[in-house]
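Next comes work15.cif, with mmCIF, C-alpha atoms.
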```cif
data_input
loop_
_atom_site.group_PDB
_atom_site.id
_atom_site.type_symbol
_atom_site.label_atom_id
_atom_site.label_comp_id
_atom_site.auth_asym_id
_atom_site.auth_seq_id
_atom_site.Cartn_x
_atom_site.Cartn_y
_atom_site.Cartn_z
ATOM 1 C CA MET A 1 21.212 93.885 116.876
ATOM 2 C CA ASP A 2 19.566 95.585 113.886
ATOM 3 C CA GLY A 3 18.916 93.292 110.860
ATOM 4 C CA ALA A 4 20.668 95.686 108.444
ATOM 5 C CA VAL A 5 23.775 95.840 110.646
ATOM 6 C CA MET A 6 23.813 92.020 110.945
ATOM 7 C CA ASN A 7 23.459 91.619 107.169
ATOM 8 C CA LYS A 8 26.289 94.106 106.599
ATOM 9 C CA LYS A 9 28.546 92.180 108.993
ATOM 10 C CA LEU A 10 27.716 88.895 107.264
ATOM 11 C CA ILE A 11 28.385 90.396 103.835
ATOM 12 C CA THR A 12 31.704 91.849 105.048
ATOM 13 C CA ALA A 13 32.739 88.511 106.600
ATOM 14 C CA GLY A 14 31.744 86.685 103.411
ATOM 15 C CA THR A 15 33.748 89.105 101.274
ATOM 16 C CA VAL A 16 36.849 88.684 103.431
ATOM 17 C CA ALA A 17 36.518 84.887 103.289
ATOM 18 C CA ALA A 18 36.046 84.936 99.513
ATOM 19 C CA LEU A 19 39.111 87.139 99.055
ATOM 20 C CA ALA A 20 41.207 84.859 101.251
ATOM 21 C CA VAL A 21 40.130 81.774 99.312
ATOM 22 C CA SER A 22 40.526 83.370 95.873
ATOM 23 C CA SER A 23 43.964 84.783 96.669
ATOM 24 C CA ASN A 24 45.072 81.322 97.793
ATOM 25 C CA VAL A 25 43.844 79.798 94.511
ATOM 26 C CA ILE A 26 45.468 82.546 92.415
ATOM 27 C CA ALA A 27 48.752 82.215 94.282
ATOM 28 C CA GLN A 28 48.900 78.474 93.626
ATOM 29 C CA ASN A 29 47.854 78.664 89.962
ATOM 30 C CA VAL A 30 48.434 74.916 89.670
ATOM 31 C CA PRO A 31 45.941 72.883 87.671
ATOM 32 C CA MET A 32 44.187 70.344 89.872
ATOM 33 C CA PRO A 33 43.752 66.816 88.587
ATOM 34 C CA GLU A 34 40.157 66.026 87.707
ATOM 35 C CA VAL A 35 38.487 62.670 87.296
ATOM 36 C CA ILE A 36 35.087 62.105 85.718
ATOM 37 C CA VAL A 37 33.111 59.514 87.665
ATOM 38 C CA GLU A 38 30.403 58.148 85.389
ATOM 39 C CA THR A 39 27.729 55.660 86.366
ATOM 40 C CA HIS A 40 25.521 53.543 84.121
ATOM 41 C CA ARG A 41 22.354 51.761 85.111
ATOM 42 C CA MET A 42 19.545 50.051 83.280
ATOM 43 C CA VAL A 43 15.938 51.143 83.767
ATOM 44 C CA SER A 44 12.640 50.118 82.219
ATOM 45 C CA THR A 45 12.373 52.631 79.398
ATOM 46 C CA ARG A 46 12.882 51.914 75.716
ATOM 47 C CA ILE A 47 16.299 51.585 74.012
ATOM 48 C CA GLY A 48 15.679 47.963 73.208
ATOM 49 C CA GLN A 49 13.956 45.148 74.960
ATOM 50 C CA THR A 50 14.705 42.019 76.877
ATOM 51 C CA ALA A 51 13.852 38.569 75.554
ATOM 52 C CA SER A 52 10.569 38.788 77.462
ATOM 53 C CA GLY A 53 9.717 42.147 75.833
ATOM 54 C CA ILE A 54 10.562 44.456 78.760
ATOM 55 C CA PRO A 55 11.846 47.816 77.459
ATOM 56 C CA ILE A 56 15.366 48.788 78.611
ATOM 57 C CA LYS A 57 17.182 52.120 78.788
ATOM 58 C CA ASP A 58 20.755 52.814 79.839
ATOM 59 C CA VAL A 59 20.920 55.863 82.105
ATOM 60 C CA SER A 60 24.203 57.493 82.998
ATOM 61 C CA MET A 61 25.264 60.286 85.297
ATOM 62 C CA GLY A 62 28.698 61.738 85.827
ATOM 63 C CA TYR A 63 30.387 63.912 88.423
ATOM 64 C CA THR A 64 33.707 65.698 88.065
ATOM 65 C CA VAL A 65 35.920 65.166 91.100
ATOM 66 C CA THR A 66 39.016 67.297 91.706
ATOM 67 C CA ALA A 67 42.028 66.819 93.933
ATOM 68 C CA GLU A 68 41.763 70.423 95.106
ATOM 69 C CA GLY A 69 43.270 70.852 98.542
ATOM 70 C CA LEU A 70 45.020 67.473 98.399
ATOM 71 C CA ASP A 71 48.629 66.537 97.754
ATOM 72 C CA ILE A 72 48.072 63.348 95.793
ATOM 73 C CA SER A 73 51.814 62.759 95.588
ATOM 74 C CA THR A 74 51.521 61.457 99.169
ATOM 75 C CA GLU A 75 49.801 58.242 100.185
ATOM 76 C CA GLN A 76 47.437 60.141 102.489
ATOM 77 C CA GLY A 77 46.457 62.595 99.729
ATOM 78 C CA ALA A 78 46.001 59.778 97.219
ATOM 79 C CA ARG A 79 43.732 57.857 99.629
ATOM 80 C CA ALA A 80 41.660 61.003 100.241
ATOM 81 C CA PHE A 81 41.319 61.559 96.468
ATOM 82 C CA GLU A 82 40.236 57.934 95.983
ATOM 83 C CA ALA A 83 37.662 58.360 98.780
ATOM 84 C CA ARG A 84 36.258 61.410 96.961
ATOM 85 C CA ILE A 85 35.919 59.281 93.816
ATOM 86 C CA SER A 86 34.139 56.517 95.716
ATOM 87 C CA HIS A 87 31.740 58.985 97.389
ATOM 88 C CA ALA A 88 30.949 60.656 94.042
ATOM 89 C CA ALA A 89 30.243 57.269 92.458
ATOM 90 C CA MET A 90 27.845 56.342 95.257
ATOM 91 C CA ALA A 91 26.124 59.749 95.090
ATOM 92 C CA ALA A 92 25.593 59.413 91.329
ATOM 93 C CA CYS A 93 24.267 55.861 91.640
ATOM 94 C CA GLN A 94 21.930 56.833 94.456
ATOM 95 C CA GLU A 95 20.619 59.786 92.429
ATOM 96 C CA ILE A 96 19.826 57.503 89.498
ATOM 97 C CA GLY A 97 18.171 55.105 91.954
ATOM 98 C CA ARG A 98 16.012 57.935 93.321
ATOM 99 C CA ARG A 99 14.931 58.952 89.834
ATOM 100 C CA PHE A 100 14.438 55.415 88.513
ATOM 101 C CA ARG A 101 13.316 53.056 91.272
ATOM 102 C CA ASN A 102 13.733 49.961 89.089
ATOM 103 C CA ALA A 103 17.337 50.715 88.049
ATOM 104 C CA ARG A 104 19.796 47.818 87.979
ATOM 105 C CA PRO A 105 22.374 46.990 89.290
ATOM 106 C CA SER A 106 22.025 47.973 92.954
ATOM 107 C CA ASP A 107 23.443 51.274 94.228
ATOM 108 C CA ALA A 108 26.408 49.495 95.831
ATOM 109 C CA GLU A 109 27.274 47.448 92.735
ATOM 110 C CA CYS A 110 26.810 50.485 90.483
ATOM 111 C CA ALA A 111 29.138 52.552 92.693
ATOM 112 C CA GLN A 112 31.756 49.808 92.774
ATOM 113 C CA GLN A 113 31.752 49.541 88.968
ATOM 114 C CA ALA A 114 31.926 53.329 88.506
ATOM 115 C CA THR A 115 34.771 53.610 91.017
ATOM 116 C CA GLU A 116 36.723 50.830 89.298
ATOM 117 C CA ARG A 117 36.332 52.566 85.902
ATOM 118 C CA ALA A 118 37.446 55.918 87.359
ATOM 119 C CA MET A 119 40.545 54.428 89.017
ATOM 120 C CA THR A 120 42.405 54.394 85.676
ATOM 121 C CA GLN A 121 42.190 58.184 85.605
ATOM 122 C CA VAL A 122 43.053 58.372 89.313
ATOM 123 C CA ARG A 123 46.204 56.269 88.870
ATOM 124 C CA GLN A 124 47.284 58.491 85.958
ATOM 125 C CA ALA A 125 46.770 61.646 88.042
ATOM 126 C CA GLU A 126 48.670 60.134 90.981
ATOM 127 C CA ALA A 127 51.548 59.057 88.738
ATOM 128 C CA ALA A 128 51.695 62.537 87.178
ATOM 129 C CA ALA A 129 51.851 64.020 90.695
ATOM 130 C CA GLY A 130 54.864 61.834 91.406
ATOM 131 C CA GLY A 131 53.546 59.522 94.039
ATOM 132 C CA GLY A 132 50.265 58.264 95.283
ATOM 133 C CA LYS A 133 49.345 54.911 96.634
ATOM 134 C CA LYS A 134 51.999 52.267 96.256
ATOM 135 C CA GLU A 135 50.658 48.880 95.231
#
```
Take the structure in this file and express it as structure tokens.
Amino acid sequence: MDGAVMNKKLITAGTVAALAVSSNVIAQNVPMPEVIVETHRMVSTRIGQTASGIPIKDVSMGYTVTAEGLDISTEQGARAFEARISHAAMAACQEIGRRFRNARPSDAECAQQATERAMTQVRQAEAAAGGGKKE
């Protein structure tokens, strides 16, 4: 198959897919709940110093997580939304860890703390949706 014909078919398929997705979003026109997942870690750069004189810097990173495609008024949708939050927290903590090898706390502890902080927003979004995880 000719490269130009293949490219044209791919562009046409992409256009059809984009139209299908955008028409679905326009038809719903419902604002999706968003939660900001923010991580904080300490690294050896100056914002102060420890008692032994080691410079410290607080580094943060945040991701916005939406409930798009989920019905968070159901337990299943709420659990899926919470999983997205947890994955975003881990991704942010791992990215800080890649950039700053000496960052503390560990990736796992950082992600747990970020997830716990974000859960306040999650619970509010679930309550506003009229359901969510029952505790």
For this session: Give as an MDAnalysis selection string the residues that the PyMOL selection byres ((chain A and resi 96) around 12) matches when applied to the coordinates above.
Result: chainID A and resid 38:43 58:62 89:95 97:107 110:111
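CA of Ala128 (chain A) is found 13.2 Å from CA of Val35 (chain A).
The residue that comes closest to Gln113 (chain A), out of A:Ser86, A:Tyr63, A:Pro33, A:Ser73 and on the basis of only C-alpha atoms, is A:Ser86.
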For this session: Grab the CA of Val37 (chain A) to CA of Thr64 (chain A) distance for me, in Å with one decimal place.
Result: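 For CA of Val37 (chain A) relative to CA of Thr64 (chain A), the distance reads 6.2 Å.
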Problem set entry | Separation of CA of Ala80 (chain A) from CA of Ala108 (chain A), in Å and rounded to one decimal |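 Distance between the two atoms: 19.6 Å.
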For this session: Could you give me, as a PyMOL selection string, the residues within 10 Å of Ala67 (chain A), counting all atoms listed in the file and dropping anything in the same chain fewer than 5 positions from it?
Result: chain A and resi 31-35+72+77-78+80-82+84-85+122+125-126
Using the file's own x, y and z axes, what box holds all listed atoms of region 82-88 of chain A with 4 Å on each side, keeping edges along x, y and z, and what are its centre and edge lengths in Å to one decimal, as JSON?
```
{"center_x": 35.6, "center_y": 59.0, "center_z": 96.3, "size_x": 17.3, "size_y": 12.9, "size_z": 13.0}
```
Problem set entry | Option closest in space to Thr115 (chain A), from A:Lys57, A:Ala127, A:Asp71, A:Val65 [counting all atoms listed in the file] |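 Ranking A:Lys57, A:Ala127, A:Asp71, A:Val65 by distance to Thr115 (chain A), first place goes to A:Val65.
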